[in-house]
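Peer 1: This is the structure I have questions about; it appears just below.
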Amino acid sequence: AQRVTQPEKLLSVFKGAPVELKCNYSYSGSPELFWYVQYSRQRLQLLLRHISRESIKGFTADLNKGETSFHLKKPFAQEEDSAMYYCALDTNAGKSTFGDGTTLTVKP
Amino acid sequence: NAGVTQTPKFQVLKTGQSMTLQCAQDMNHEYMSWYRQDPGMGLRLIHYSVGAGITDQGEVPNGYNVSRSTTEDFPLRLLSAAPSQTSVYFCASREMPGNTIYFGEGSWLTVV
């Protein structure tokens, strides 16, 4: 069975500091990994997916199959990045497994 | 674009009552899912569907039923509400595995 672990429930950084939200996964197949974000009073939305290898709002995430990780990084955090972040893993069967989420607070 | 629409947004139920959370999407997506979001427990999959007429259980299916008679609609039924079902429920859809998941705005359910 697949599993996604986000070890930090809460993460607090100052504006302008680097931020890294950790995500580890376990899955026997070839994983499709995503980061979703939920801003206050908004619905969950896609932030980025590993297959597209793009940077969204300054965030990047690299899939490391050796360490089974998909950490989300941003070199300079902004106050508007404060939100709940979910790492998610897809299987070919159409099931998605989400981590428990990390609440990021960026302090001024 | 409407995307994924859930109703009701808020509901209070008494223990033992039944109700249906409605979900509709207008993107012609085959895959639809229901999740519940509880503090400290992230999103947990309740039931999902890979197409009209096909449903399957997720991690926490007990106490919930689903059906998928059309591509657009995927209602979630609580058969006999319990306080443990107090949660925020999200409906979601996607075109196929590996594609972006689109979420509804959520339904806040309280069972007293």
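Just remember, in the structure tokens the first chain shown is A, the second B, etc., residues are 1-based per chain, and ligands are 1-based in the order shown.
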Using only C-alpha atoms, find which residues of chain B lie within 12 Å of chain A and jot them down as a PyMOL selection string.
Peer 2: chain B and resi 3-6+30-51+55-59+88-107
Peer 1: Can you pull out the residues contacting Leu21 in chain B? Cut-off 9 Å, using only C-alpha atoms, and skip same-chain residues under 4 positions away; I want them as a PyMOL selection string.
Peer 2: chain B and resi 6-8+74-78+89+107
Peer 1: Okay, now the selection with C-alpha atoms, as a PDB file, in the first residue's frame?
Peer 2:
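Listed below is the output, again-v9.pdb:
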ATOM      1  CA  GLN B   6     -20.585  20.702  -3.626  1.00  0.00           C
ATOM      2  CA  THR B   7     -23.747  21.237  -1.638  1.00  0.00           C
ATOM      3  CA  PRO B   8     -24.555  21.967   1.105  1.00  0.00           C
ATOM      4  CA  PHE B  74     -21.078  11.606  -7.365  1.00  0.00           C
ATOM      5  CA  PRO B  75     -23.232  11.931  -4.229  1.00  0.00           C
ATOM      6  CA  LEU B  76     -22.016  10.797  -0.812  1.00  0.00           C
ATOM      7  CA  ARG B  77     -24.595   9.363   1.566  1.00  0.00           C
ATOM      8  CA  LEU B  78     -24.269   9.194   5.311  1.00  0.00           C
ATOM      9  CA  TYR B  89     -15.771  16.827   3.212  1.00  0.00           C
ATOM     10  CA  SER B 107     -18.819  20.836   3.043  1.00  0.00           C
TER      11      SER B 107
END
Peer 1: What does the distance from CA of Val66 in chain B to CA of Ser30 in chain A come to in Å, to one decimal?
Peer 2: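 Result for CA of Val66 in chain B versus CA of Ser30 in chain A: 29.2 Å, one decimal.
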Peer 1: Determine which residues of chain A DSSP labels as strand (DSSP E) from the backbone of this structure, then write them out as number ranges by chain.
Peer 2: A: 3-5, 10-14, 19-21, 24-26, 32-38, 45-49, 60-61, 72-74, 83-90, 96-98, 102-107
Peer 1: So which residues touch Ser69 in chain B within 8 Å, counting only C-alpha atoms, skipping near sequence neighbours fewer than 2 positions away, as a PyMOL selection string?
Peer 2: chain B and resi 52-53+67+71+73-74
Peer 1: What would the file look like if the residues just selected were written as a compact mmCIF listing (two decimals), in the first residue's frame with all heavy atoms?
Peer 2:
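The new file selection.txt reads:
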# COMPACT_ATOMS: atom_id res chain seq x y z
N ALA B 52 -18.65 6.23 -14.67
CA ALA B 52 -20.07 5.99 -14.35
C ALA B 52 -20.31 4.50 -14.15
O ALA B 52 -19.86 3.67 -14.93
CB ALA B 52 -20.95 6.54 -15.48
N GLY B 53 -21.01 4.20 -13.06
CA GLY B 53 -21.34 2.81 -12.74
C GLY B 53 -20.28 2.07 -11.97
O GLY B 53 -20.48 0.91 -11.59
N SER B 67 -22.70 6.41 -5.14
CA SER B 67 -23.16 5.85 -6.40
C SER B 67 -22.69 6.78 -7.51
O SER B 67 -22.41 7.95 -7.27
CB SER B 67 -24.69 5.70 -6.42
OG SER B 67 -25.30 6.96 -6.24
N THR B 71 -21.72 10.60 -15.34
CA THR B 71 -20.34 11.09 -15.26
C THR B 71 -20.25 12.32 -14.37
O THR B 71 -19.27 12.53 -13.67
CB THR B 71 -19.83 11.44 -16.67
OG1 THR B 71 -19.85 10.26 -17.47
CG2 THR B 71 -18.40 11.99 -16.62
N ASP B 73 -22.19 13.42 -11.70
CA ASP B 73 -22.60 13.46 -10.30
C ASP B 73 -22.02 12.31 -9.48
O ASP B 73 -21.96 11.16 -9.95
CB ASP B 73 -24.14 13.41 -10.21
CG ASP B 73 -24.78 14.57 -10.92
OD1 ASP B 73 -24.50 15.71 -10.51
OD2 ASP B 73 -25.54 14.35 -11.89
N PHE B 74 -21.67 12.62 -8.25
CA PHE B 74 -21.08 11.61 -7.36
C PHE B 74 -21.52 11.92 -5.93
O PHE B 74 -20.76 12.46 -5.13
CB PHE B 74 -19.56 11.63 -7.50
CG PHE B 74 -18.86 10.47 -6.84
CD1 PHE B 74 -19.31 9.17 -6.98
CD2 PHE B 74 -17.70 10.68 -6.10
CE1 PHE B 74 -18.66 8.10 -6.39
CE2 PHE B 74 -17.02 9.61 -5.51
CZ PHE B 74 -17.50 8.33 -5.66
Peer 1: Fewer than 5 positions away in the same chain doesn't count, so skip those; otherwise give me all residues within 7 Å of Val112 in chain B, counting only C-alpha atoms, as a count of residues only.
Peer 2: 4
Peer 1: Could you tell me how far CA of Leu72 in chain A sits from CA of Ser52 in chain A, in Å to one decimal place?
Peer 2: 14.2 Å
Peer 1: Rounded to one decimal, what separation in Å do you get between CA of Ala81 in chain B and CA of Ala24 in chain B?
Peer 2: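 Value for the CA of Ala81 in chain B-CA of Ala24 in chain B distance: 22.4 Å.
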Peer 1: List the spatial neighbours of range 23-29 of chain A as a ChimeraX atom specification - criterion: any atom at most 7 Å away, only C-alpha atoms, same-chain residues fewer than 6 positions off excluded.
Peer 2: /A:1-6,68-71,87
